[in-house]
$ cat coords.cif   # mmCIF, C-alpha atoms
data_my_file
#
loop_
_atom_site.group_PDB
_atom_site.id
_atom_site.type_symbol
_atom_site.label_atom_id
_atom_site.label_comp_id
_atom_site.auth_asym_id
_atom_site.auth_seq_id
_atom_site.Cartn_x
_atom_site.Cartn_y
_atom_site.Cartn_z
ATOM 1 C CA MET A 1 52.745 47.019 79.245
ATOM 2 C CA LYS A 2 55.025 47.193 82.299
ATOM 3 C CA THR A 3 57.871 48.394 80.095
ATOM 4 C CA ILE A 4 55.699 51.104 78.551
ATOM 5 C CA SER A 5 54.369 52.218 81.946
ATOM 6 C CA LEU A 6 57.861 52.441 83.415
ATOM 7 C CA CYS A 7 59.084 54.371 80.388
ATOM 8 C CA LEU A 8 56.199 56.820 80.570
ATOM 9 C CA ALA A 9 56.700 57.334 84.304
ATOM 10 C CA SER A 10 60.390 57.971 83.747
ATOM 11 C CA TRP A 11 59.709 60.561 81.049
ATOM 12 C CA LEU A 12 57.076 62.193 83.268
ATOM 13 C CA CYS A 13 59.647 62.724 86.008
ATOM 14 C CA LEU A 14 62.069 64.253 83.537
ATOM 15 C CA THR A 15 59.602 66.668 81.939
ATOM 16 C CA ALA A 16 57.207 67.623 84.743
ATOM 17 C CA THR A 17 57.155 71.360 85.348
ATOM 18 C CA SER A 18 57.730 72.788 88.787
ATOM 19 C CA GLY A 19 54.530 74.877 88.933
ATOM 20 C CA PHE A 20 56.425 77.778 90.545
ATOM 21 C CA ALA A 21 56.925 80.026 87.548
ATOM 22 C CA ALA A 22 57.321 83.725 88.200
ATOM 23 C CA ASP A 23 54.359 86.068 87.880
ATOM 24 C CA GLU A 24 54.911 88.492 84.998
ATOM 25 C CA GLY A 25 51.610 90.354 85.101
ATOM 26 C CA THR A 26 48.023 90.567 86.308
ATOM 27 C CA PHE A 27 44.630 89.978 84.712
ATOM 28 C CA THR A 28 42.943 93.282 85.581
ATOM 29 C CA ILE A 29 39.817 93.028 83.398
ATOM 30 C CA VAL A 30 38.006 89.751 82.721
ATOM 31 C CA ASP A 31 34.619 89.881 81.047
ATOM 32 C CA GLY A 32 32.982 86.884 79.395
ATOM 33 C CA GLY A 33 34.528 83.459 78.975
ATOM 34 C CA VAL A 34 38.315 83.639 79.283
ATOM 35 C CA ARG A 35 40.597 80.700 80.004
ATOM 36 C CA ALA A 36 44.340 80.130 80.346
ATOM 37 C CA LEU A 37 46.382 77.065 79.395
ATOM 38 C CA ARG A 38 49.246 76.702 81.879
ATOM 39 C CA ASP A 39 51.467 73.612 81.807
ATOM 40 C CA THR A 40 48.937 70.925 80.762
ATOM 41 C CA LYS A 41 45.784 72.337 82.397
ATOM 42 C CA TRP A 42 43.118 74.811 81.349
ATOM 43 C CA TYR A 43 42.152 77.328 84.048
ATOM 44 C CA LYS A 44 39.253 79.747 84.366
ATOM 45 C CA VAL A 45 40.640 83.280 84.488
ATOM 46 C CA ALA A 46 39.525 85.746 87.172
ATOM 47 C CA GLN A 47 40.392 89.390 87.819
ATOM 48 C CA GLY A 48 43.421 89.767 90.036
ATOM 49 C CA ALA A 49 44.932 86.413 89.032
ATOM 50 C CA ARG A 50 48.528 86.409 87.871
ATOM 51 C CA PHE A 51 49.719 86.053 84.295
ATOM 52 C CA GLN A 52 52.849 84.011 83.563
ATOM 53 C CA GLU A 53 55.279 83.437 80.739
ATOM 54 C CA GLY A 54 54.122 80.449 78.693
ATOM 55 C CA ASP A 55 50.414 81.085 79.259
ATOM 56 C CA VAL A 56 48.027 80.573 76.356
ATOM 57 C CA ILE A 57 44.997 82.862 76.708
ATOM 58 C CA GLU A 58 41.742 82.160 74.887
ATOM 59 C CA GLY A 59 38.759 84.491 74.855
ATOM 60 C CA ALA A 60 35.204 83.623 73.858
ATOM 61 C CA GLU A 61 33.214 85.425 71.165
ATOM 62 C CA LYS A 62 32.042 88.319 73.384
ATOM 63 C CA SER A 63 34.871 88.440 75.894
ATOM 64 C CA GLN A 64 37.397 91.012 77.008
ATOM 65 C CA VAL A 65 40.582 90.452 78.987
ATOM 66 C CA GLN A 66 43.250 92.950 79.970
ATOM 67 C CA ILE A 67 46.729 91.923 81.054
ATOM 68 C CA GLU A 68 49.030 94.443 82.702
ATOM 69 C CA LEU A 69 52.644 93.323 82.780
ATOM 70 C CA GLN A 70 54.947 94.223 85.650
ATOM 71 C CA GLN A 71 57.301 96.069 83.332
ATOM 72 C CA GLY A 72 54.600 98.432 82.047
ATOM 73 C CA ALA A 73 53.092 96.942 78.891
ATOM 74 C CA ILE A 74 49.295 96.600 78.723
ATOM 75 C CA LEU A 75 47.428 94.166 76.453
ATOM 76 C CA ASN A 76 43.681 94.271 75.902
ATOM 77 C CA LEU A 77 42.107 91.372 73.958
ATOM 78 C CA VAL A 78 38.535 91.394 72.665
ATOM 79 C CA GLY A 79 36.303 88.733 71.151
ATOM 80 C CA ALA A 80 37.326 85.268 69.966
ATOM 81 C CA SER A 81 41.056 85.511 70.524
ATOM 82 C CA THR A 82 44.144 83.397 71.173
ATOM 83 C CA LEU A 83 47.336 84.823 72.641
ATOM 84 C CA TYR A 84 50.516 82.948 73.608
ATOM 85 C CA ALA A 85 53.400 84.433 75.594
ATOM 86 C CA PRO A 86 56.498 82.365 74.708
ATOM 87 C CA SER A 87 58.981 84.737 76.327
ATOM 88 C CA ILE A 88 58.872 87.476 78.980
ATOM 89 C CA PRO A 89 62.560 87.509 79.959
ATOM 90 C CA ILE A 90 62.520 89.224 83.353
ATOM 91 C CA ARG A 91 65.888 89.017 85.126
ATOM 92 C CA ASN A 92 66.488 90.787 88.468
ATOM 93 C CA ASN A 93 63.205 92.712 88.105
ATOM 94 C CA SER A 94 64.109 94.069 84.664
ATOM 95 C CA LEU A 95 63.664 92.838 81.129
ATOM 96 C CA ALA A 96 66.711 91.161 79.625
ATOM 97 C CA GLY A 97 65.216 91.255 76.128
ATOM 98 C CA PRO A 98 62.039 91.970 74.180
ATOM 99 C CA ILE A 99 58.690 90.502 75.235
ATOM 100 C CA GLU A 100 57.584 87.870 72.722
ATOM 101 C CA LEU A 101 53.862 87.405 72.043
ATOM 102 C CA THR A 102 51.932 85.418 69.449
ATOM 103 C CA LEU A 103 48.444 86.554 68.449
ATOM 104 C CA SER A 104 46.800 83.738 66.476
ATOM 105 C CA GLN A 105 43.438 85.462 66.204
ATOM 106 C CA GLY A 106 41.437 88.326 67.642
ATOM 107 C CA TRP A 107 41.623 92.052 68.340
ATOM 108 C CA MET A 108 44.361 93.417 70.573
ATOM 109 C CA LYS A 109 45.346 96.876 71.721
ATOM 110 C CA LEU A 110 48.938 97.007 72.937
ATOM 111 C CA VAL A 111 50.583 99.756 74.957
ATOM 112 C CA ALA A 112 54.364 99.345 75.009
ATOM 113 C CA SER A 113 55.943 101.655 77.576
ATOM 114 C CA ALA A 114 59.412 103.132 77.912
ATOM 115 C CA LYS A 115 60.152 100.526 80.620
ATOM 116 C CA ASP A 116 59.943 97.719 78.093
ATOM 117 C CA ALA A 117 62.899 96.346 76.174
ATOM 118 C CA GLY A 118 60.518 96.174 73.244
ATOM 119 C CA VAL A 119 57.555 93.972 72.367
ATOM 120 C CA ARG A 120 57.406 91.631 69.374
ATOM 121 C CA VAL A 121 54.002 90.335 68.252
ATOM 122 C CA ARG A 122 53.934 87.381 65.865
ATOM 123 C CA THR A 123 50.864 86.659 63.744
ATOM 124 C CA ALA A 124 50.398 84.103 60.974
ATOM 125 C CA VAL A 125 51.683 86.461 58.276
ATOM 126 C CA ALA A 126 53.624 89.210 60.058
ATOM 127 C CA LEU A 127 56.057 90.029 62.837
ATOM 128 C CA ILE A 128 55.369 93.363 64.543
ATOM 129 C CA ALA A 129 58.038 95.052 66.669
ATOM 130 C CA VAL A 130 57.464 98.116 68.856
ATOM 131 C CA ARG A 131 59.365 99.777 71.679
ATOM 132 C CA GLU A 132 57.397 102.779 72.940
ATOM 133 C CA ALA A 133 54.134 102.857 71.031
ATOM 134 C CA ILE A 134 50.414 102.149 71.076
ATOM 135 C CA ILE A 135 49.099 99.873 68.332
ATOM 136 C CA ILE A 136 45.881 98.039 67.465
ATOM 137 C CA VAL A 137 46.138 94.629 65.803
ATOM 138 C CA HIS A 138 43.452 92.446 64.246
ATOM 139 C CA ALA A 139 44.745 88.975 63.380
ATOM 140 C CA GLU A 140 43.112 86.060 61.608
ATOM 141 C CA GLN A 141 44.371 82.718 60.349
ATOM 142 C CA SER A 142 45.955 84.151 57.191
ATOM 143 C CA SER A 143 45.695 87.926 57.517
ATOM 144 C CA VAL A 144 46.587 90.856 59.753
ATOM 145 C CA GLU A 145 45.502 94.495 60.024
ATOM 146 C CA THR A 146 47.259 96.945 62.290
ATOM 147 C CA PHE A 147 47.036 100.634 63.112
ATOM 148 C CA VAL A 148 49.671 102.793 64.792
ATOM 149 C CA GLU A 149 47.935 105.033 67.318
ATOM 150 C CA SER A 150 51.194 106.582 68.522
ATOM 151 C CA GLY A 151 54.902 105.952 68.171
ATOM 152 C CA GLU A 152 56.370 103.729 65.486
ATOM 153 C CA MET A 153 56.519 100.051 64.607
ATOM 154 C CA LYS A 154 58.429 97.735 62.324
ATOM 155 C CA LEU A 155 56.619 95.130 60.243
ATOM 156 C CA SER A 156 58.219 92.032 58.738
ATOM 157 C CA GLU A 157 56.440 89.781 56.276
ATOM 158 C CA LEU A 158 56.446 86.138 57.393
ATOM 159 C CA ALA A 159 56.601 83.166 55.036
ATOM 160 C CA PRO A 160 54.535 80.032 55.841
ATOM 161 C CA ASN A 161 57.677 78.457 57.344
ATOM 162 C CA GLY A 162 58.101 81.441 59.669
ATOM 163 C CA LYS A 163 61.067 82.952 57.827
ATOM 164 C CA GLU A 164 61.161 86.748 57.945
ATOM 165 C CA GLY A 165 60.865 88.629 54.685
ATOM 166 C CA PRO A 166 60.861 92.331 53.755
ATOM 167 C CA GLN A 167 60.653 94.800 56.650
ATOM 168 C CA HIS A 168 58.637 98.012 56.704
ATOM 169 C CA ASP A 169 58.609 101.075 58.972
ATOM 170 C CA ALA A 170 55.183 102.293 60.083
ATOM 171 C CA LYS A 171 54.471 105.686 61.640
ATOM 172 C CA ALA A 172 51.731 107.078 63.852
ATOM 173 C CA GLY A 173 48.363 107.318 62.103
ATOM 174 C CA GLU A 174 49.186 104.688 59.480
ATOM 175 C CA TYR A 175 47.224 101.528 58.689
ATOM 176 C CA TRP A 176 48.985 98.403 57.401
ATOM 177 C CA ALA A 177 47.452 95.128 56.251
ATOM 178 C CA ARG A 178 48.567 91.854 54.723
ATOM 179 C CA SER A 179 46.630 88.799 53.502
ATOM 180 C CA GLY A 180 48.089 85.409 52.586
ATOM 181 C CA ASP A 181 51.395 85.652 50.745
ATOM 182 C CA LYS A 182 50.672 89.073 49.275
ATOM 183 C CA PRO A 183 52.857 92.052 50.230
ATOM 184 C CA PHE A 184 51.723 94.634 52.788
ATOM 185 C CA VAL A 185 49.402 97.421 51.730
ATOM 186 C CA THR A 186 49.255 100.682 53.654
ATOM 187 C CA GLU A 187 47.067 103.753 53.983
ATOM 188 C CA ARG A 188 47.735 107.072 55.704
ATOM 189 C CA HIS A 189 44.550 106.675 57.753
ATOM 190 C CA ALA A 190 42.589 103.681 59.046
ATOM 191 C CA PRO A 191 39.848 102.647 56.568
ATOM 192 C CA GLN A 192 36.235 103.144 57.626
ATOM 193 C CA ALA A 193 35.559 99.387 57.586
ATOM 194 C CA TYR A 194 38.447 98.803 59.995
ATOM 195 C CA VAL A 195 37.286 101.541 62.362
ATOM 196 C CA ALA A 196 33.696 100.254 62.274
ATOM 197 C CA ALA A 197 34.790 96.693 63.161
ATOM 198 C CA MET A 198 37.215 97.785 65.880
ATOM 199 C CA PRO A 199 36.090 97.393 69.535
ATOM 200 C CA ARG A 200 34.612 100.733 70.647
ATOM 201 C CA HIS A 201 36.745 101.149 73.768
ATOM 202 C CA PHE A 202 39.948 100.932 71.699
ATOM 203 C CA ILE A 203 39.309 104.560 70.749
ATOM 204 C CA ASP A 204 40.069 105.606 74.341
ATOM 205 C CA PRO A 205 43.301 105.139 76.350
ATOM 206 C CA LEU A 206 43.472 101.815 78.182
ATOM 207 C CA PRO A 207 42.981 102.185 81.952
ATOM 208 C CA ASN A 208 45.638 100.980 84.381
ATOM 209 C CA PHE A 209 44.229 98.915 87.246
ATOM 210 C CA SER A 210 47.342 97.014 88.339
ATOM 211 C CA ALA A 211 47.635 98.956 91.630
ATOM 212 C CA ARG A 212 44.244 97.569 92.738
ATOM 213 C CA TYR A 213 45.588 94.019 92.708
ATOM 214 C CA LYS A 214 49.099 94.603 94.005
ATOM 215 C CA GLY A 215 48.572 92.582 97.182
ATOM 216 C CA ALA A 216 45.905 90.237 95.847
ATOM 217 C CA ARG A 217 46.562 86.523 95.447
ATOM 218 C CA VAL A 218 43.641 85.357 93.353
ATOM 219 C CA GLN A 219 44.047 81.721 92.333
ATOM 220 C CA LEU A 220 43.155 80.359 88.925
ATOM 221 C CA VAL A 221 40.519 77.611 89.060
ATOM 222 C CA VAL A 222 41.321 74.382 87.214
ATOM 223 C CA ASP A 223 38.850 73.560 84.453
ATOM 224 C CA HIS A 224 40.303 70.458 82.784
ATOM 225 C CA GLU A 225 43.439 68.827 81.408
ATOM 226 C CA VAL A 226 44.249 69.702 77.815
ATOM 227 C CA SER A 227 42.777 67.205 75.361
ATOM 228 C CA TYR A 228 44.530 65.865 72.282
ATOM 229 C CA ALA A 229 42.251 67.922 70.014
ATOM 230 C CA GLU A 230 43.181 71.095 71.927
ATOM 231 C CA ALA A 231 46.883 70.214 71.985
ATOM 232 C CA ALA A 232 47.254 69.160 68.338
ATOM 233 C CA PRO A 233 47.454 72.664 66.768
ATOM 234 C CA TRP A 234 50.255 73.625 69.153
ATOM 235 C CA LEU A 235 52.102 70.360 68.523
ATOM 236 C CA GLN A 236 52.170 71.160 64.801
ATOM 237 C CA GLY A 237 52.839 74.902 64.991
ATOM 238 C CA PRO A 238 55.983 77.051 65.108
ATOM 239 C CA TYR A 239 56.476 76.255 68.815
ATOM 240 C CA ARG A 240 56.339 72.496 68.236
ATOM 241 C CA LYS A 241 59.440 71.621 70.299
ATOM 242 C CA THR A 242 58.216 73.628 73.280
ATOM 243 C CA PHE A 243 54.795 71.996 73.315
ATOM 244 C CA LEU A 244 56.113 68.467 72.687
ATOM 245 C CA LYS A 245 58.037 68.799 75.932
ATOM 246 C CA ARG A 246 55.205 70.578 77.714
ATOM 247 C CA PHE A 247 52.488 68.059 76.821
ATOM 248 C CA GLN A 248 54.622 64.939 77.159
ATOM 249 C CA PRO A 249 53.258 64.121 80.656
ATOM 250 C CA ARG A 250 49.807 63.804 79.072
ATOM 251 C CA LEU A 251 50.964 60.559 77.459
ATOM 252 C CA GLN A 252 50.145 58.864 80.753
ATOM 253 C CA ASP A 253 46.475 59.520 80.040
ATOM 254 C CA ARG A 254 45.039 56.602 78.050
ATOM 255 C CA GLU A 255 42.725 58.680 75.854
ATOM 256 C CA PHE A 256 45.446 61.219 75.003
ATOM 257 C CA ARG A 257 47.993 58.438 74.381
ATOM 258 C CA THR A 258 45.624 56.522 72.102
ATOM 259 C CA ALA A 259 44.953 59.629 70.002
ATOM 260 C CA VAL A 260 48.689 60.306 69.689
ATOM 261 C CA ASP A 261 49.403 56.694 68.760
ATOM 262 C CA ALA A 262 46.785 56.845 66.011
ATOM 263 C CA ASN A 263 48.767 59.761 64.516
ATOM 264 C CA ILE A 264 52.244 58.672 65.588
ATOM 265 C CA SER A 265 53.782 59.547 62.196
ATOM 266 C CA ARG A 266 53.291 63.203 63.190
ATOM 267 C CA TYR A 267 55.165 62.715 66.460
ATOM 268 C CA PRO A 268 58.293 60.633 65.822
ATOM 269 C CA GLU A 269 59.775 62.084 69.027
ATOM 270 C CA TRP A 270 57.145 60.187 71.031
ATOM 271 C CA ASP A 271 57.390 56.887 69.162
ATOM 272 C CA ARG A 272 60.260 55.718 71.360
ATOM 273 C CA ILE A 273 58.188 56.452 74.479
ATOM 274 C CA LEU A 274 55.050 54.675 73.284
ATOM 275 C CA HIS A 275 56.871 51.791 71.619
ATOM 276 C CA PRO A 276 60.133 51.200 73.488
ATOM 277 C CA GLU A 277 60.234 47.602 72.295
ATOM 278 C CA LYS A 278 61.027 48.867 68.781
ATOM 279 C CA TYR A 279 64.240 50.435 70.052
ATOM 280 C CA LEU A 280 65.631 47.571 72.156
ATOM 281 C CA PRO A 281 69.133 46.429 71.040
ATOM 282 C CA LYS A 282 69.016 43.440 68.740
ATOM 283 C CA THR A 283 70.843 40.309 69.957
ATOM 284 C CA PRO A 284 71.820 37.282 67.856
ATOM 285 C CA PRO A 285 69.684 34.153 68.311
ATOM 286 C CA PRO A 286 71.045 31.759 70.976
ATOM 287 C CA THR A 287 72.893 28.605 69.881
ATOM 288 C CA PRO A 288 72.461 25.195 71.604
ATOM 289 C CA GLU A 289 75.065 24.738 74.338
ATOM 290 C CA ASN A 290 75.922 21.183 73.292
ATOM 291 C CA ALA A 291 75.825 21.679 69.568
ATOM 292 C CA PRO A 292 78.764 19.868 67.854
ATOM 293 C CA THR A 293 81.469 22.020 66.386
ATOM 294 C CA PRO A 294 81.130 21.992 62.606
ATOM 295 C CA VAL A 295 83.954 20.206 60.742
ATOM 296 C CA THR A 296 85.372 21.794 57.625
ATOM 297 C CA PRO A 297 86.182 19.746 54.462
ATOM 298 C CA ALA A 298 89.921 20.343 55.070
ATOM 299 C CA GLN A 299 89.670 18.847 58.553
ATOM 300 C CA ARG A 300 88.000 15.742 57.176
ATOM 301 C CA LEU A 301 90.972 15.053 54.847
ATOM 302 C CA GLN A 302 93.528 15.133 57.665
#
$ encode --input "coords.cif" --output "structure tokens"
Amino acid sequence: MKTISLCLASWLCLTATSGFAADEGTFTIVDGGVRALRDTKWYKVAQGARFQEGDVIEGAEKSQVQIELQQGAILNLVGASTLYAPSIPIRNNSLAGPIELTLSQGWMKLVASAKDAGVRVRTAVALIAVREAIIIVHAEQSSVETFVESGEMKLSELAPNGKEGPQHDAKAGEYWARSGDKPFVTERHAPQAYVAAMPRHFIDPLPNFSARYKGARVQLVVDHEVSYAEAAPWLQGPYRKTFLKRFQPRLQDREFRTAVDANISRYPEWDRILHPEKYLPKTPPPTPENAPTPVTPAQRLQ
């Protein structure tokens, strides 16, 4: 056990995050249950708190959260939703590349401004790319519906392994949808069923409240450490490598470690940490110091 504890402590030192990530935006509207997964902890989200690259945002069934990024983009999420921000590459107060977002489920209205270097939204079955546009996206586990309110967007079909397939150009006023492995279908106007299900306030322009919180330093309140059940989907998803490194410090928690060990075949990268004895160099068995030197048949005949 000492060997395992020392190994875990060593890995913890190597993978612990600094906790001083840059602030890329602000939560300007928070209504209902909204939480953020940052590093290995879940936090309760409050208006005026800062949004950071790497955050996972989850909204409850009747929630709304608006995130206004420093570079101009605005995201408004409604209902049961999950959003991950793998990359917001701000360098010297400007974007060095497109903003990368993943919408696993939920409704989202996105305003991409001229200040942005582009925004790419990944869903389970599509990759959406916009530069200066306003779009509405409804994502589920194996389907996506999207409407171009203004501007243009590019849509790429995604295979189950994440590989990009055929690309399509969508124009203002068009509705595009895809389910499972079927190709995209499109209509010149949003269907009535889509409009009826869409959050009502998406019909209007999104407000901009970022100036209200320019000098505010609202702190997120810790709720709890991520559990194995909450971590497992991310450890098996397209960002597996990122989350293996991110959640590795949780192996020091006995309950988390036990759950991982019970499914260790899924996490071969962690087998060496949990079972270092399996990877110790093999040494030949010792021989008795005073053992007589064996005599060969040829030596006996001399």
$ residues_near_point --input "coords.cif" --point "(41.8, 80.3, 75.7)" --cutoff "7 Å" --atoms "all atoms listed in the file" --output "PyMOL selection string"
chain A and resi 34-37+56-59+82
$ atom_distance --input "coords.cif" --atom1 "CA of Leu75 in chain A" --atom2 "CA of Tyr228 in chain A"
28.8 Å
$ atom_distance --input "coords.cif" --atom1 "CA of Ala126 in chain A" --atom2 "CA of Val148 in chain A"
14.9 Å
$ closest_residue --input "coords.cif" --among "A:Arg178, A:Leu103, A:Leu69, A:Gln219" --to "Val45 in chain A" --atoms "only C-alpha atoms"
A:Gln219
$ atom_distance --input "coords.cif" --atom1 "CA of Ala133 in chain A" --atom2 "CA of Ser113 in chain A"
6.9 Å
$ closest_residue --input "coords.cif" --among "A:Val221, A:Ile264, A:Leu155, A:Val78" --to "Lys41 in chain A" --atoms "only C-alpha atoms"
A:Val221
$ residues_around --input "coords.cif" --residues "Tyr194 in chain A" --least-positions-apart "2" --cutoff "10 Å" --atoms "all atoms listed in the file" --output "list in words"
His138, Glu145, Thr146, Phe147, Tyr175, Ala190, Pro191, Gln192, Ala196, Ala197, Met198 and Pro199 of chain A
$ write_last_selection --input "coords.cif" --atoms "C-alpha atoms" --output "mmCIF file, keeping the file's coordinate frame"
data_model
loop_
_atom_site.group_PDB
_atom_site.id
_atom_site.type_symbol
_atom_site.label_atom_id
_atom_site.label_comp_id
_atom_site.auth_asym_id
_atom_site.auth_seq_id
_atom_site.Cartn_x
_atom_site.Cartn_y
_atom_site.Cartn_z
ATOM 1 C CA HIS A 138 43.452 92.446 64.246
ATOM 2 C CA GLU A 145 45.502 94.495 60.024
ATOM 3 C CA THR A 146 47.259 96.945 62.290
ATOM 4 C CA PHE A 147 47.036 100.634 63.112
ATOM 5 C CA TYR A 175 47.224 101.528 58.689
ATOM 6 C CA ALA A 190 42.589 103.681 59.046
ATOM 7 C CA PRO A 191 39.848 102.647 56.568
ATOM 8 C CA GLN A 192 36.235 103.144 57.626
ATOM 9 C CA ALA A 196 33.696 100.254 62.274
ATOM 10 C CA ALA A 197 34.790 96.693 63.161
ATOM 11 C CA MET A 198 37.215 97.785 65.880
ATOM 12 C CA PRO A 199 36.090 97.393 69.535
#
$ residues_around --input "coords.cif" --residues "range 204-210 of chain A" --least-positions-apart "2" --cutoff "7 Å" --atoms "only C-alpha atoms" --output "PyMOL selection string"
chain A and resi 26+28+68+201-202+212-214
$ residues_around --input "coords.cif" --residues "Arg257 in chain A" --least-positions-apart "4" --cutoff "12 Å" --atoms "only C-alpha atoms" --output "PyMOL selection string"
chain A and resi 4-5+8+227-229+247-253+261-264+267+270-271+273-275
$ residues_around --input "coords.cif" --residues "Arg50 in chain A" --least-positions-apart "5" --cutoff "7 Å" --atoms "all atoms listed in the file" --output "list of chain:residue names"
A:Asp23, A:Gly25, A:Thr26, A:Phe27
$ write_last_selection --input "coords.cif" --atoms "C-alpha atoms" --output "CSV table (one decimal), keeping the file's coordinate frame"
chain,number,residue,atom,x,y,z
A,23,ASP,CA,54.4,86.1,87.9
A,25,GLY,CA,51.6,90.4,85.1
A,26,THR,CA,48.0,90.6,86.3
A,27,PHE,CA,44.6,90.0,84.7
$ residues_around --input "coords.cif" --residues "Asp169 in chain A" --least-positions-apart "2" --cutoff "12 Å" --atoms "all atoms listed in the file" --output "JSON, numbers by chain"
{"A": [127, 128, 129, 130, 148, 151, 152, 153, 154, 155, 156, 157, 166, 167, 171, 172, 174, 175, 176, 184, 186]}
$ write_last_selection --input "coords.cif" --atoms "C-alpha atoms" --output "PDB file, keeping the file's coordinate frame"
ATOM      1  CA  LEU A 127      56.057  90.029  62.837  1.00  0.00           C
ATOM      2  CA  ILE A 128      55.369  93.363  64.543  1.00  0.00           C
ATOM      3  CA  ALA A 129      58.038  95.052  66.669  1.00  0.00           C
ATOM      4  CA  VAL A 130      57.464  98.116  68.856  1.00  0.00           C
ATOM      5  CA  VAL A 148      49.671 102.793  64.792  1.00  0.00           C
ATOM      6  CA  GLY A 151      54.902 105.952  68.171  1.00  0.00           C
ATOM      7  CA  GLU A 152      56.370 103.729  65.486  1.00  0.00           C
ATOM      8  CA  MET A 153      56.519 100.051  64.607  1.00  0.00           C
ATOM      9  CA  LYS A 154      58.429  97.735  62.324  1.00  0.00           C
ATOM     10  CA  LEU A 155      56.619  95.130  60.243  1.00  0.00           C
ATOM     11  CA  SER A 156      58.219  92.032  58.738  1.00  0.00           C
ATOM     12  CA  GLU A 157      56.440  89.781  56.276  1.00  0.00           C
ATOM     13  CA  PRO A 166      60.861  92.331  53.755  1.00  0.00           C
ATOM     14  CA  GLN A 167      60.653  94.800  56.650  1.00  0.00           C
ATOM     15  CA  LYS A 171      54.471 105.686  61.640  1.00  0.00           C
ATOM     16  CA  ALA A 172      51.731 107.078  63.852  1.00  0.00           C
ATOM     17  CA  GLU A 174      49.186 104.688  59.480  1.00  0.00           C
ATOM     18  CA  TYR A 175      47.224 101.528  58.689  1.00  0.00           C
ATOM     19  CA  TRP A 176      48.985  98.403  57.401  1.00  0.00           C
ATOM     20  CA  PHE A 184      51.723  94.634  52.788  1.00  0.00           C
ATOM     21  CA  THR A 186      49.255 100.682  53.654  1.00  0.00           C
TER      22      THR A 186
END
